[in-house]
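Below is upload_14.json, holding JSON, C-alpha atoms.
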[["chain", "number", "residue", "atom", "x", "y", "z"],
["A", 1, "MET", "CA", 0.00, 0.00, 0.00],
["A", 2, "LYS", "CA", 0.91, 3.65, -0.27],
["A", 3, "PRO", "CA", 0.47, 6.36, 2.38],
["A", 4, "ALA", "CA", -2.36, 8.85, 2.13],
["A", 5, "ALA", "CA", -1.44, 12.30, 0.82],
["A", 6, "PHE", "CA", 0.45, 14.49, 3.29],
["A", 7, "SER", "CA", 2.44, 17.72, 3.45],
["A", 8, "TYR", "CA", 6.08, 17.84, 4.49],
["A", 9, "LEU", "CA", 8.00, 20.43, 6.50],
["A", 10, "ARG", "CA", 11.69, 20.33, 7.46],
["A", 11, "PRO", "CA", 12.37, 23.09, 10.03],
["A", 12, "SER", "CA", 15.92, 23.94, 11.06],
["A", 13, "SER", "CA", 15.10, 25.07, 14.60],
["A", 14, "LEU", "CA", 13.25, 23.66, 17.58],
["A", 15, "ASP", "CA", 11.03, 26.73, 17.81],
["A", 16, "ALA", "CA", 9.94, 26.36, 14.17],
["A", 17, "ALA", "CA", 9.15, 22.69, 14.69],
["A", 18, "ARG", "CA", 7.05, 23.41, 17.79],
["A", 19, "GLU", "CA", 5.25, 26.22, 16.00],
["A", 20, "ALA", "CA", 4.26, 23.86, 13.17],
["A", 21, "LEU", "CA", 3.05, 21.23, 15.61],
["A", 22, "LEU", "CA", 0.96, 23.77, 17.49],
["A", 23, "ARG", "CA", -0.52, 25.19, 14.29],
["A", 24, "HIS", "CA", -1.57, 21.82, 12.89],
["A", 25, "GLY", "CA", -2.43, 20.05, 16.14],
["A", 26, "PRO", "CA", -2.95, 16.26, 16.21],
["A", 27, "GLU", "CA", -2.97, 16.09, 12.39],
["A", 28, "ALA", "CA", 0.80, 16.69, 12.42],
["A", 29, "ARG", "CA", 3.37, 14.04, 13.28],
["A", 30, "ILE", "CA", 7.07, 14.32, 14.03],
["A", 31, "LEU", "CA", 9.40, 12.45, 11.66],
["A", 32, "ALA", "CA", 12.68, 11.45, 13.30],
["A", 33, "GLY", "CA", 14.13, 8.14, 12.11],
["A", 34, "GLY", "CA", 10.84, 7.10, 10.51],
["A", 35, "GLN", "CA", 11.41, 3.38, 11.12],
["A", 36, "SER", "CA", 8.02, 2.94, 12.77],
["A", 37, "LEU", "CA", 6.03, 5.86, 11.37],
["A", 38, "MET", "CA", 6.68, 5.24, 7.67],
["A", 39, "PRO", "CA", 5.52, 1.58, 7.71],
["A", 40, "MET", "CA", 2.45, 2.65, 9.70],
["A", 41, "MET", "CA", 1.70, 5.29, 7.07],
["A", 42, "ALA", "CA", 2.23, 2.82, 4.24],
["A", 43, "LEU", "CA", -0.38, 0.56, 5.85],
["A", 44, "ARG", "CA", -2.58, 3.61, 6.55],
["A", 45, "VAL", "CA", -2.61, 2.81, 10.24],
["A", 46, "ALA", "CA", -1.37, 6.39, 10.63],
["A", 47, "GLN", "CA", -2.59, 9.14, 8.29],
["A", 48, "PRO", "CA", -1.08, 12.47, 9.34],
["A", 49, "THR", "CA", -1.72, 15.44, 7.09],
["A", 50, "LEU", "CA", 1.70, 16.96, 7.90],
["A", 51, "LEU", "CA", 5.10, 15.45, 8.64],
["A", 52, "VAL", "CA", 7.47, 17.68, 10.61],
["A", 53, "ASP", "CA", 10.95, 16.36, 9.87],
["A", 54, "ILE", "CA", 13.21, 17.29, 12.82],
["A", 55, "GLY", "CA", 16.34, 15.75, 11.32],
["A", 56, "ARG", "CA", 18.09, 19.11, 10.74],
["A", 57, "ILE", "CA", 17.77, 20.35, 14.33],
["A", 58, "ALA", "CA", 21.32, 20.16, 15.66],
["A", 59, "GLU", "CA", 20.40, 20.75, 19.31],
["A", 60, "LEU", "CA", 18.58, 17.41, 19.38],
["A", 61, "ARG", "CA", 21.82, 15.49, 18.83],
["A", 62, "GLY", "CA", 24.82, 14.59, 20.93],
["A", 63, "LEU", "CA", 25.99, 12.53, 23.90],
["A", 64, "THR", "CA", 27.48, 14.03, 27.05],
["A", 65, "CYS", "CA", 28.31, 12.46, 30.38],
["A", 66, "ASP", "CA", 29.36, 13.59, 33.83],
["A", 67, "GLU", "CA", 29.72, 11.68, 37.09],
["A", 68, "ARG", "CA", 25.94, 11.61, 37.57],
["A", 69, "VAL", "CA", 24.12, 11.24, 34.23],
["A", 70, "LEU", "CA", 24.52, 10.38, 30.59],
["A", 71, "ARG", "CA", 22.54, 12.86, 28.51],
["A", 72, "ALA", "CA", 21.50, 11.80, 25.01],
["A", 73, "GLY", "CA", 19.81, 14.02, 22.46],
["A", 74, "ALA", "CA", 16.52, 12.68, 21.16],
["A", 75, "LEU", "CA", 17.91, 12.31, 17.62],
["A", 76, "THR", "CA", 20.77, 10.06, 18.74],
["A", 77, "ARG", "CA", 20.52, 6.96, 16.57],
["A", 78, "HIS", "CA", 20.43, 3.44, 17.96],
["A", 79, "ALA", "CA", 23.66, 2.61, 16.11],
["A", 80, "GLU", "CA", 25.41, 5.61, 17.69],
["A", 81, "LEU", "CA", 24.40, 4.47, 21.17],
["A", 82, "LEU", "CA", 25.45, 0.90, 20.46],
["A", 83, "SER", "CA", 28.91, 1.86, 19.18],
["A", 84, "SER", "CA", 29.63, 4.48, 21.85],
["A", 85, "PRO", "CA", 32.34, 3.64, 24.42],
["A", 86, "LEU", "CA", 30.79, 6.35, 26.61],
["A", 87, "VAL", "CA", 27.46, 4.52, 26.71],
["A", 88, "TYR", "CA", 29.14, 1.15, 27.30],
["A", 89, "ALA", "CA", 31.10, 2.50, 30.26],
["A", 90, "SER", "CA", 28.41, 4.67, 31.87],
["A", 91, "VAL", "CA", 25.05, 2.98, 31.12],
["A", 92, "PRO", "CA", 25.87, -0.64, 30.23],
["A", 93, "LEU", "CA", 22.22, -1.72, 30.22],
["A", 94, "LEU", "CA", 21.73, 0.19, 26.96],
["A", 95, "SER", "CA", 24.67, -1.63, 25.39],
["A", 96, "LEU", "CA", 23.11, -4.96, 26.35],
["A", 97, "ALA", "CA", 19.66, -4.05, 25.02],
["A", 98, "LEU", "CA", 20.46, -2.31, 21.74],
["A", 99, "PRO", "CA", 21.60, -5.41, 19.79],
["A", 100, "HIS", "CA", 18.05, -6.75, 20.32],
["A", 101, "VAL", "CA", 16.47, -3.73, 18.58],
["A", 102, "ALA", "CA", 15.22, -5.03, 15.22],
["A", 103, "HIS", "CA", 18.05, -5.30, 12.66],
["A", 104, "ALA", "CA", 21.16, -3.27, 11.79],
["A", 105, "ALA", "CA", 19.41, -1.34, 9.01],
["A", 106, "ILE", "CA", 16.72, -0.21, 11.45],
["A", 107, "ARG", "CA", 19.29, 0.72, 14.11],
["A", 108, "ASN", "CA", 21.15, 2.86, 11.58],
["A", 109, "ARG", "CA", 18.11, 5.11, 11.15],
["A", 110, "GLY", "CA", 16.01, 4.67, 14.29],
["A", 111, "THR", "CA", 16.41, 7.22, 17.07],
["A", 112, "LEU", "CA", 16.31, 7.13, 20.85],
["A", 113, "GLY", "CA", 13.63, 9.81, 21.05],
["A", 114, "GLY", "CA", 11.54, 8.21, 18.34],
["A", 115, "SER", "CA", 11.47, 4.88, 20.17],
["A", 116, "LEU", "CA", 10.59, 6.43, 23.52],
["A", 117, "ALA", "CA", 7.97, 8.80, 22.09],
["A", 118, "LEU", "CA", 6.27, 5.98, 20.17],
["A", 119, "ALA", "CA", 6.02, 4.02, 23.45],
["A", 120, "ASP", "CA", 5.56, 0.63, 21.86],
["A", 121, "PRO", "CA", 5.06, -1.73, 24.82],
["A", 122, "ALA", "CA", 7.19, -4.40, 23.11],
["A", 123, "ALA", "CA", 10.14, -2.05, 22.48],
["A", 124, "GLU", "CA", 13.46, -2.41, 24.27],
["A", 125, "LEU", "CA", 14.44, 1.19, 25.03],
["A", 126, "PRO", "CA", 11.27, 2.18, 26.93],
["A", 127, "ALA", "CA", 11.80, -0.81, 29.24],
["A", 128, "CYS", "CA", 15.43, 0.23, 29.78],
["A", 129, "ALA", "CA", 14.39, 3.80, 30.52],
["A", 130, "LEU", "CA", 11.97, 2.57, 33.18],
["A", 131, "ALA", "CA", 14.48, 0.15, 34.71],
["A", 132, "LEU", "CA", 17.09, 2.91, 34.94],
["A", 133, "ASP", "CA", 14.65, 5.59, 36.14],
["A", 134, "ALA", "CA", 15.63, 7.80, 33.23],
["A", 135, "VAL", "CA", 14.35, 11.36, 32.95],
["A", 136, "MET", "CA", 12.80, 12.69, 29.73],
["A", 137, "HIS", "CA", 13.22, 16.35, 28.84],
["A", 138, "ILE", "CA", 10.21, 17.70, 26.96],
["A", 139, "THR", "CA", 10.25, 21.15, 25.36],
["A", 140, "GLY", "CA", 7.06, 23.15, 24.92],
["A", 141, "SER", "CA", 5.82, 26.73, 24.87],
["A", 142, "LEU", "CA", 6.46, 27.12, 28.62],
["A", 143, "GLY", "CA", 10.02, 25.83, 28.42],
["A", 144, "VAL", "CA", 11.53, 22.48, 29.31],
["A", 145, "ARG", "CA", 9.99, 20.07, 31.78],
["A", 146, "ALA", "CA", 11.61, 16.94, 33.18],
["A", 147, "VAL", "CA", 9.44, 13.81, 33.39],
["A", 148, "PRO", "CA", 10.63, 10.57, 35.01],
["A", 149, "ALA", "CA", 10.12, 7.40, 33.00],
["A", 150, "ALA", "CA", 7.51, 6.09, 35.47],
["A", 151, "GLU", "CA", 5.29, 9.07, 34.57],
["A", 152, "PHE", "CA", 6.28, 9.38, 30.91],
["A", 153, "PHE", "CA", 4.75, 6.11, 29.67],
["A", 154, "GLN", "CA", 0.99, 6.42, 30.14],
["A", 155, "GLY", "CA", -0.54, 3.59, 28.14],
["A", 156, "LEU", "CA", -0.55, 1.94, 24.73],
["A", 157, "TYR", "CA", 1.42, 4.29, 22.43],
["A", 158, "SER", "CA", 0.69, 7.07, 24.91],
["A", 159, "THR", "CA", 3.19, 9.35, 26.65],
["A", 160, "ALA", "CA", 3.38, 12.58, 28.63],
["A", 161, "VAL", "CA", 4.27, 14.53, 25.47],
["A", 162, "SER", "CA", 1.38, 16.90, 24.68],
["A", 163, "ASP", "CA", 0.41, 18.64, 21.45],
["A", 164, "GLY", "CA", 3.04, 21.18, 20.48],
["A", 165, "GLU", "CA", 5.73, 19.56, 22.62],
["A", 166, "ILE", "CA", 8.85, 17.68, 21.55],
["A", 167, "LEU", "CA", 10.93, 15.13, 23.45],
["A", 168, "THR", "CA", 14.36, 16.75, 23.19],
["A", 169, "ALA", "CA", 16.75, 14.75, 25.42],
["A", 170, "VAL", "CA", 16.97, 11.86, 27.86],
["A", 171, "GLU", "CA", 19.11, 11.60, 30.98],
["A", 172, "PHE", "CA", 20.16, 8.16, 32.20],
["A", 173, "PRO", "CA", 21.77, 7.75, 35.65],
["A", 174, "VAL", "CA", 25.36, 6.59, 35.42],
["A", 175, "SER", "CA", 25.89, 3.05, 36.71],
["A", 176, "SER", "CA", 26.99, 3.03, 40.34],
["A", 177, "ALA", "CA", 29.68, 0.93, 42.02],
["A", 178, "GLY", "CA", 28.58, -2.65, 42.54],
["A", 179, "GLU", "CA", 25.62, -2.33, 40.20],
["A", 180, "GLN", "CA", 24.75, -5.23, 37.90],
["A", 181, "VAL", "CA", 22.46, -5.11, 34.88],
["A", 182, "PHE", "CA", 20.70, -7.63, 32.69],
["A", 183, "PHE", "CA", 18.78, -7.61, 29.43],
["A", 184, "ASP", "CA", 17.22, -10.44, 27.48],
["A", 185, "GLU", "CA", 14.08, -11.08, 25.48],
["A", 186, "ILE", "CA", 12.31, -14.04, 23.94],
["A", 187, "SER", "CA", 10.97, -13.83, 20.40],
["A", 188, "ARG", "CA", 10.11, -16.34, 17.71],
["A", 189, "ARG", "CA", 12.83, -15.04, 15.40],
["A", 190, "ARG", "CA", 15.77, -12.71, 15.87],
["A", 191, "GLY", "CA", 14.57, -9.14, 15.24],
["A", 192, "ASP", "CA", 10.88, -9.94, 15.73],
["A", 193, "TYR", "CA", 8.85, -8.24, 18.44],
["A", 194, "ALA", "CA", 9.53, -9.91, 21.76],
["A", 195, "MET", "CA", 6.84, -12.04, 23.36],
["A", 196, "ALA", "CA", 8.43, -10.98, 26.65],
["A", 197, "GLY", "CA", 11.60, -9.16, 27.63],
["A", 198, "LEU", "CA", 13.33, -7.97, 30.77],
["A", 199, "ALA", "CA", 15.55, -4.98, 31.52],
["A", 200, "ALA", "CA", 16.85, -5.32, 35.08],
["A", 201, "VAL", "CA", 19.11, -3.41, 37.45],
["A", 202, "ALA", "CA", 20.51, -4.85, 40.70],
["A", 203, "ARG", "CA", 22.17, -2.33, 42.99],
["A", 204, "ALA", "CA", 24.81, -2.87, 45.65],
["A", 205, "ASP", "CA", 22.20, -2.38, 48.41],
["A", 206, "HIS", "CA", 20.35, -5.45, 47.01],
["A", 207, "THR", "CA", 17.43, -3.44, 45.64],
["A", 208, "LEU", "CA", 16.18, -4.56, 42.24],
["A", 209, "ARG", "CA", 14.33, -2.88, 39.39],
["A", 210, "LEU", "CA", 12.64, -5.30, 36.98],
["A", 211, "SER", "CA", 11.15, -3.69, 33.88],
["A", 212, "PHE", "CA", 9.25, -5.92, 31.46],
["A", 213, "LEU", "CA", 8.44, -5.35, 27.82],
["A", 214, "GLY", "CA", 5.67, -7.14, 25.95],
["A", 215, "CYS", "CA", 3.79, -7.80, 29.20],
["A", 216, "GLY", "CA", 1.33, -4.91, 29.34],
["A", 217, "ASP", "CA", 0.21, -1.74, 27.58],
["A", 218, "ARG", "CA", 3.51, -0.04, 28.50],
["A", 219, "PRO", "CA", 6.84, -1.07, 30.06],
["A", 220, "MET", "CA", 5.93, -2.57, 33.43],
["A", 221, "ARG", "CA", 7.68, -2.66, 36.81],
["A", 222, "ALA", "CA", 7.07, -5.75, 38.97],
["A", 223, "PRO", "CA", 7.32, -4.82, 42.68],
["A", 224, "HIS", "CA", 6.20, -8.20, 44.08],
["A", 225, "ALA", "CA", 8.64, -10.06, 41.85],
["A", 226, "GLU", "CA", 11.36, -7.50, 42.67],
["A", 227, "ALA", "CA", 11.04, -8.23, 46.39],
["A", 228, "LEU", "CA", 11.10, -11.99, 45.82],
["A", 229, "ALA", "CA", 14.07, -11.77, 43.45],
["A", 230, "ALA", "CA", 15.97, -9.46, 45.81],
["A", 231, "ASP", "CA", 15.63, -12.01, 48.62],
["A", 232, "ALA", "CA", 16.77, -14.75, 46.27],
["A", 233, "ARG", "CA", 19.78, -12.71, 45.13],
["A", 234, "ARG", "CA", 20.86, -12.09, 48.74],
["A", 235, "SER", "CA", 20.72, -15.82, 49.47],
["A", 236, "MET", "CA", 22.35, -16.69, 46.12],
["A", 237, "ARG", "CA", 19.50, -18.93, 44.99],
["A", 238, "VAL", "CA", 16.80, -18.98, 42.33],
["A", 239, "PRO", "CA", 13.24, -18.67, 43.73],
["A", 240, "ASP", "CA", 10.66, -21.38, 43.25],
["A", 241, "ARG", "CA", 9.12, -21.01, 39.77],
["A", 242, "ALA", "CA", 5.53, -21.22, 41.04],
["A", 243, "ARG", "CA", 6.10, -18.48, 43.64],
["A", 244, "LEU", "CA", 7.84, -16.30, 41.10],
["A", 245, "LYS", "CA", 5.06, -16.72, 38.54],
["A", 246, "ALA", "CA", 2.44, -15.91, 41.21],
["A", 247, "ALA", "CA", 4.34, -12.74, 42.12],
["A", 248, "LEU", "CA", 4.52, -11.73, 38.47],
["A", 249, "ALA", "CA", 0.81, -12.40, 38.04],
["A", 250, "ALA", "CA", 0.17, -9.86, 40.80],
["A", 251, "ASP", "CA", 2.34, -7.29, 38.99],
["A", 252, "LEU", "CA", 1.71, -7.76, 35.28],
["A", 253, "ASP", "CA", -1.32, -7.89, 33.01],
["A", 254, "PRO", "CA", 0.08, -9.35, 29.79],
["A", 255, "PRO", "CA", -2.05, -9.49, 26.65],
["A", 256, "SER", "CA", -3.02, -12.59, 24.70],
["A", 257, "ASP", "CA", -2.52, -12.34, 20.95],
["A", 258, "LEU", "CA", -1.38, -14.37, 17.96],
["A", 259, "GLN", "CA", 2.19, -14.42, 19.30],
["A", 260, "ALA", "CA", 1.51, -15.79, 22.78],
["A", 261, "SER", "CA", -1.15, -16.17, 25.44],
["A", 262, "ALA", "CA", -1.10, -14.18, 28.66],
["A", 263, "ASP", "CA", -0.10, -17.31, 30.61],
["A", 264, "THR", "CA", 2.76, -17.99, 28.21],
["A", 265, "ARG", "CA", 4.02, -14.44, 28.69],
["A", 266, "LEU", "CA", 3.92, -14.85, 32.49],
["A", 267, "HIS", "CA", 5.89, -18.08, 32.13],
["A", 268, "LEU", "CA", 8.46, -16.36, 29.91],
["A", 269, "ALA", "CA", 8.71, -13.44, 32.35],
["A", 270, "ALA", "CA", 9.53, -15.91, 35.14],
["A", 271, "VAL", "CA", 12.15, -17.57, 32.96],
["A", 272, "LEU", "CA", 13.77, -14.18, 32.29],
["A", 273, "VAL", "CA", 13.95, -13.33, 36.00],
["A", 274, "GLU", "CA", 15.61, -16.68, 36.63],
["A", 275, "ARG", "CA", 18.12, -15.97, 33.86],
["A", 276, "ALA", "CA", 18.92, -12.59, 35.41],
["A", 277, "LEU", "CA", 19.55, -14.11, 38.84],
["A", 278, "GLN", "CA", 21.69, -16.87, 37.38],
["A", 279, "SER", "CA", 23.67, -14.35, 35.33],
["A", 280, "TRP", "CA", 24.32, -12.11, 38.33],
["A", 281, "SER", "CA", 25.29, -15.07, 40.51],
["A", 282, "ALA", "CA", 27.77, -16.29, 37.89],
["A", 283, "ARG", "CA", 29.35, -12.85, 37.58],
["A", 284, "SER", "CA", 29.55, -12.42, 41.36],
["A", 285, "ASN", "CA", 31.51, -15.68, 41.56],
["A", 286, "ALA", "CA", 33.78, -14.82, 38.63],
["A", 287, "PRO", "CA", 37.36, -13.75, 39.50],
["A", 288, "HIS", "CA", 37.25, -10.64, 37.28],
["A", 289, "GLN", "CA", 33.67, -9.40, 37.14],
["A", 290, "ASP", "CA", 32.57, -6.24, 35.40],
["A", 291, "ILE", "CA", 29.55, -4.04, 35.95],
["A", 292, "VAL", "CA", 27.39, -5.81, 33.37]]

Represent the structure of the file as structure tokens.
Amino acid sequence: MKPAAFSYLRPSSLDAAREALLRHGPEARILAGGQSLMPMMALRVAQPTLLVDIGRIAELRGLTCDERVLRAGALTRHAELLSSPLVYASVPLLSLALPHVAHAAIRNRGTLGGSLALADPAAELPACALALDAVMHITGSLGVRAVPAAEFFQGLYSTAVSDGEILTAVEFPVSSAGEQVFFDEISRRRGDYAMAGLAAVARADHTLRLSFLGCGDRPMRAPHAEALAADARRSMRVPDRARLKAALAADLDPPSDLQASADTRLHLAAVLVERALQSWSARSNAPHQDIV
């Protein structure tokens, strides 16, 4: 199929882009990497009357890091994040997750901000942002506001970005001493949407953050499973599968679809938590462990 007719605008400044979005309202869509939007338009799932191409806006690019946060511009491409020594050293969870994002051709064009703003519940980067407690910087007519990941993702393809606003940057906390991270997902084929995935952070104080993808209408934390897994990590054991699945059932509300049933997704979520605990235990016992 071909997309419906649309107009195209390529502003060179953030102000011009916001002005166009405000003027055209919900009929306008931002074009960043286009790796999700263009296929949706070709299938006529999305039919915007105006595309606002933000690719020329230099202030939306770049990676910087201090002792506290890694700041990434919204237009930073997946491939840039994956190849960056700065990202690998400061936020290793991203380096673990990015190879799972579709295929190399998609990663060469897809952007960090585009993935987060789309808020696909089966996407890897939203789950990482939630696990890391990242902060999204959203620019609008009243200036810039900072929104934590827990408040940014609001439902199926729904975020805290309002009409006339643009996600401009993301800040990820730098990995702390003694922190361990984990990422894995289960899909039918490499590059397919995951039936279930897990982005996890284990801190030196034994607190855990488990963030699941593909298990709800947005990336989902699992507080009951986090408590159970934290106890298991302290005692260096893997929790009973039935108890773990019951804890996850209290936390998650996975969908049933052609890929997998809700019960299958709960089972896969439990398997992923077990893999995380086994991975962390193996690294803790290794003579030369690293932070990932």

message = I need the residue nearest Ser187 of chain A from this list: A:Gly164, A:Pro48, A:Gly34, A:Gly214. Use all atoms listed in the file for the distance.
response = A:Gly214

Against segment 83-100 of chain A, which residues of segment 138-232 of chain A fall within 7 Å? For each one I want the closest pair of atoms and the distance in Å (one decimal), counting only C-alpha atoms, rows by chain and increasing residue number, as a tab-separated table.
residue	atom	partner	partner_atom	distance
A:Val174	CA	A:Ser90	CA	5.1
A:Ser175	CA	A:Val91	CA	5.7
A:Val181	CA	A:Leu93	CA	5.8
A:Phe182	CA	A:Leu93	CA	6.6
A:Phe183	CA	A:Ala97	CA	5.7
A:Gly191	CA	A:His100	CA	6.6

message = Between atom CA of Thr159 of chain A and atom CA of Asp184 of chain A, what is the distance in Å, rounded to a tenth?
response =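 A separation of 24.3 Å between them.
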
key: Atom pair atom CA of Leu272 of chain A / atom CA of Ala204 of chain A: separation (Å)   =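 Between these atoms lies a distance of 20.7 Å.
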
For segment 106-116 of chain A: contacts at 8 Å, all atoms listed in the file, fewer than 5 positions along chain excluded, given as number ranges by chain = A: 32-35, 73-80, 101, 123, 125-126, 167-170

ask   = So what do you get for atom CA of Ala262 of chain A versus atom CA of Leu244 of chain A, distance-wise?
value =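 Going from atom CA of Ala262 of chain A over to atom CA of Leu244 of chain A covers 15.5 Å.
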
query = Hey, can you pull every residue with an atom no more than 12 Å from (16.5, -11.3, 44.4), using only C-alpha atoms, and send it as a PyMOL selection string?
reply = chain A and resi 200-210+223-240+244+273-281

message = Measuring between all atoms listed in the file, which one of A:Leu14, A:Leu142, A:Leu266, A:Leu22 shows the shortest distance to Leu60 of chain A?
response =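 Ranked by minimum distance to Leu60 of chain A, first place goes to A:Leu14.
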
inquiry  = Calculated over all atoms listed in the file, which of the candidates A:Glu19, A:Glu171, A:Cys128, A:Gly62 has the smallest distance to Ala146 of chain A?
reply    = A:Glu171

task = Can you work out which one of A:Asp253, A:Glu185, A:Asp53, A:Asp66 has the shortest atom-to-atom distance to Leu21 of chain A, counting all atoms listed in the file?
result =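 For Leu21 of chain A, the nearest of the given residues is A:Asp53.
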
request  = Considering all atoms listed in the file, return as a ChimeraX atom specification whatever protein or nucleic-acid residues lie within 8 Å of Gly140 of chain A, sequence-local ones (same chain, fewer than 4 positions apart) excluded.
outcome  = /A:18,144,164-166

ask   = Skipping near chain neighbours, those fewer than 4 positions away, what residues fall within 7 Å of segment 7-13 of chain A using only C-alpha atoms, listed as a VMD selection string?
value = chain A and resid 17 49 to 54 56 to 57

With a cut-off of 12 Å, could you pull out the residues of segment 203-243 of chain A touching segment 148-153 of chain A and give me the nearest pair of atoms for each, distance in Å to one decimal, using only C-alpha atoms, ordered by chain and ascending number, as CSV?
residue,atom,partner,partner_atom,distance
A:Arg209,CA,A:Ala150,CA,11.9
A:Ser211,CA,A:Ala150,CA,10.6
A:Gly216,CA,A:Phe153,CA,11.5
A:Asp217,CA,A:Phe153,CA,9.3
A:Arg218,CA,A:Phe153,CA,6.4
A:Pro219,CA,A:Phe153,CA,7.5
A:Met220,CA,A:Ala150,CA,9.0
A:Arg221,CA,A:Ala150,CA,8.9

As lines of an AutoDock Vina configuration file, please: the centre and edge lengths in Å, to one decimal, of an axis-aligned box enclosing every listed atom of segment 238-246 of chain A with 3 Å added on each side.
center_x = 9.6
center_y = -18.6
center_z = 41.1
size_x = 20.4
size_y = 11.5
size_z = 11.2

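Of the listed residues A:Leu156, A:Ala222, A:Ala194, A:Ala42, the one whose atoms come nearest to Leu130 of chain A is A:Ala222, with distances taken using only C-alpha atoms.
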
task = For each of A:Pro173, A:Asp163, A:Met1, A:Leu198, take the minimum atom-to-atom distance to Arg68 of chain A, counting all atoms listed in the file, then give the residue where this is smallest.
result = A:Pro173

Requested file, segment 48-104 of chain A restricted to C-alpha atoms, as a PDB file, in the first residue's frame:
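This went into result20.pdb:
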ATOM      1  CA  PRO A  48      -1.078  12.472   9.343  1.00  0.00           C
ATOM      2  CA  THR A  49      -1.719  15.444   7.090  1.00  0.00           C
ATOM      3  CA  LEU A  50       1.703  16.956   7.902  1.00  0.00           C
ATOM      4  CA  LEU A  51       5.105  15.448   8.645  1.00  0.00           C
ATOM      5  CA  VAL A  52       7.466  17.684  10.612  1.00  0.00           C
ATOM      6  CA  ASP A  53      10.953  16.357   9.874  1.00  0.00           C
ATOM      7  CA  ILE A  54      13.209  17.294  12.823  1.00  0.00           C
ATOM      8  CA  GLY A  55      16.344  15.749  11.322  1.00  0.00           C
ATOM      9  CA  ARG A  56      18.086  19.105  10.745  1.00  0.00           C
ATOM     10  CA  ILE A  57      17.767  20.351  14.326  1.00  0.00           C
ATOM     11  CA  ALA A  58      21.319  20.158  15.664  1.00  0.00           C
ATOM     12  CA  GLU A  59      20.397  20.755  19.307  1.00  0.00           C
ATOM     13  CA  LEU A  60      18.582  17.410  19.381  1.00  0.00           C
ATOM     14  CA  ARG A  61      21.817  15.490  18.834  1.00  0.00           C
ATOM     15  CA  GLY A  62      24.818  14.590  20.931  1.00  0.00           C
ATOM     16  CA  LEU A  63      25.993  12.525  23.900  1.00  0.00           C
ATOM     17  CA  THR A  64      27.479  14.026  27.047  1.00  0.00           C
ATOM     18  CA  CYS A  65      28.308  12.464  30.381  1.00  0.00           C
ATOM     19  CA  ASP A  66      29.362  13.586  33.833  1.00  0.00           C
ATOM     20  CA  GLU A  67      29.715  11.685  37.095  1.00  0.00           C
ATOM     21  CA  ARG A  68      25.945  11.611  37.574  1.00  0.00           C
ATOM     22  CA  VAL A  69      24.117  11.243  34.233  1.00  0.00           C
ATOM     23  CA  LEU A  70      24.525  10.380  30.593  1.00  0.00           C
ATOM     24  CA  ARG A  71      22.539  12.862  28.505  1.00  0.00           C
ATOM     25  CA  ALA A  72      21.496  11.805  25.014  1.00  0.00           C
ATOM     26  CA  GLY A  73      19.811  14.018  22.459  1.00  0.00           C
ATOM     27  CA  ALA A  74      16.519  12.681  21.157  1.00  0.00           C
ATOM     28  CA  LEU A  75      17.911  12.311  17.624  1.00  0.00           C
ATOM     29  CA  THR A  76      20.773  10.058  18.736  1.00  0.00           C
ATOM     30  CA  ARG A  77      20.521   6.962  16.572  1.00  0.00           C
ATOM     31  CA  HIS A  78      20.432   3.437  17.964  1.00  0.00           C
ATOM     32  CA  ALA A  79      23.662   2.615  16.110  1.00  0.00           C
ATOM     33  CA  GLU A  80      25.408   5.608  17.692  1.00  0.00           C
ATOM     34  CA  LEU A  81      24.399   4.473  21.169  1.00  0.00           C
ATOM     35  CA  LEU A  82      25.450   0.902  20.458  1.00  0.00           C
ATOM     36  CA  SER A  83      28.908   1.855  19.179  1.00  0.00           C
ATOM     37  CA  SER A  84      29.627   4.478  21.851  1.00  0.00           C
ATOM     38  CA  PRO A  85      32.345   3.636  24.419  1.00  0.00           C
ATOM     39  CA  LEU A  86      30.792   6.346  26.606  1.00  0.00           C
ATOM     40  CA  VAL A  87      27.459   4.519  26.705  1.00  0.00           C
ATOM     41  CA  TYR A  88      29.136   1.148  27.303  1.00  0.00           C
ATOM     42  CA  ALA A  89      31.096   2.497  30.262  1.00  0.00           C
ATOM     43  CA  SER A  90      28.414   4.665  31.874  1.00  0.00           C
ATOM     44  CA  VAL A  91      25.055   2.981  31.123  1.00  0.00           C
ATOM     45  CA  PRO A  92      25.866  -0.641  30.225  1.00  0.00           C
ATOM     46  CA  LEU A  93      22.219  -1.725  30.216  1.00  0.00           C
ATOM     47  CA  LEU A  94      21.727   0.191  26.963  1.00  0.00           C
ATOM     48  CA  SER A  95      24.671  -1.628  25.387  1.00  0.00           C
ATOM     49  CA  LEU A  96      23.108  -4.959  26.346  1.00  0.00           C
ATOM     50  CA  ALA A  97      19.659  -4.051  25.022  1.00  0.00           C
ATOM     51  CA  LEU A  98      20.458  -2.309  21.742  1.00  0.00           C
ATOM     52  CA  PRO A  99      21.595  -5.411  19.793  1.00  0.00           C
ATOM     53  CA  HIS A 100      18.053  -6.746  20.316  1.00  0.00           C
ATOM     54  CA  VAL A 101      16.474  -3.730  18.584  1.00  0.00           C
ATOM     55  CA  ALA A 102      15.222  -5.028  15.219  1.00  0.00           C
ATOM     56  CA  HIS A 103      18.048  -5.301  12.660  1.00  0.00           C
ATOM     57  CA  ALA A 104      21.158  -3.268  11.789  1.00  0.00           C
TER      58      ALA A 104
END
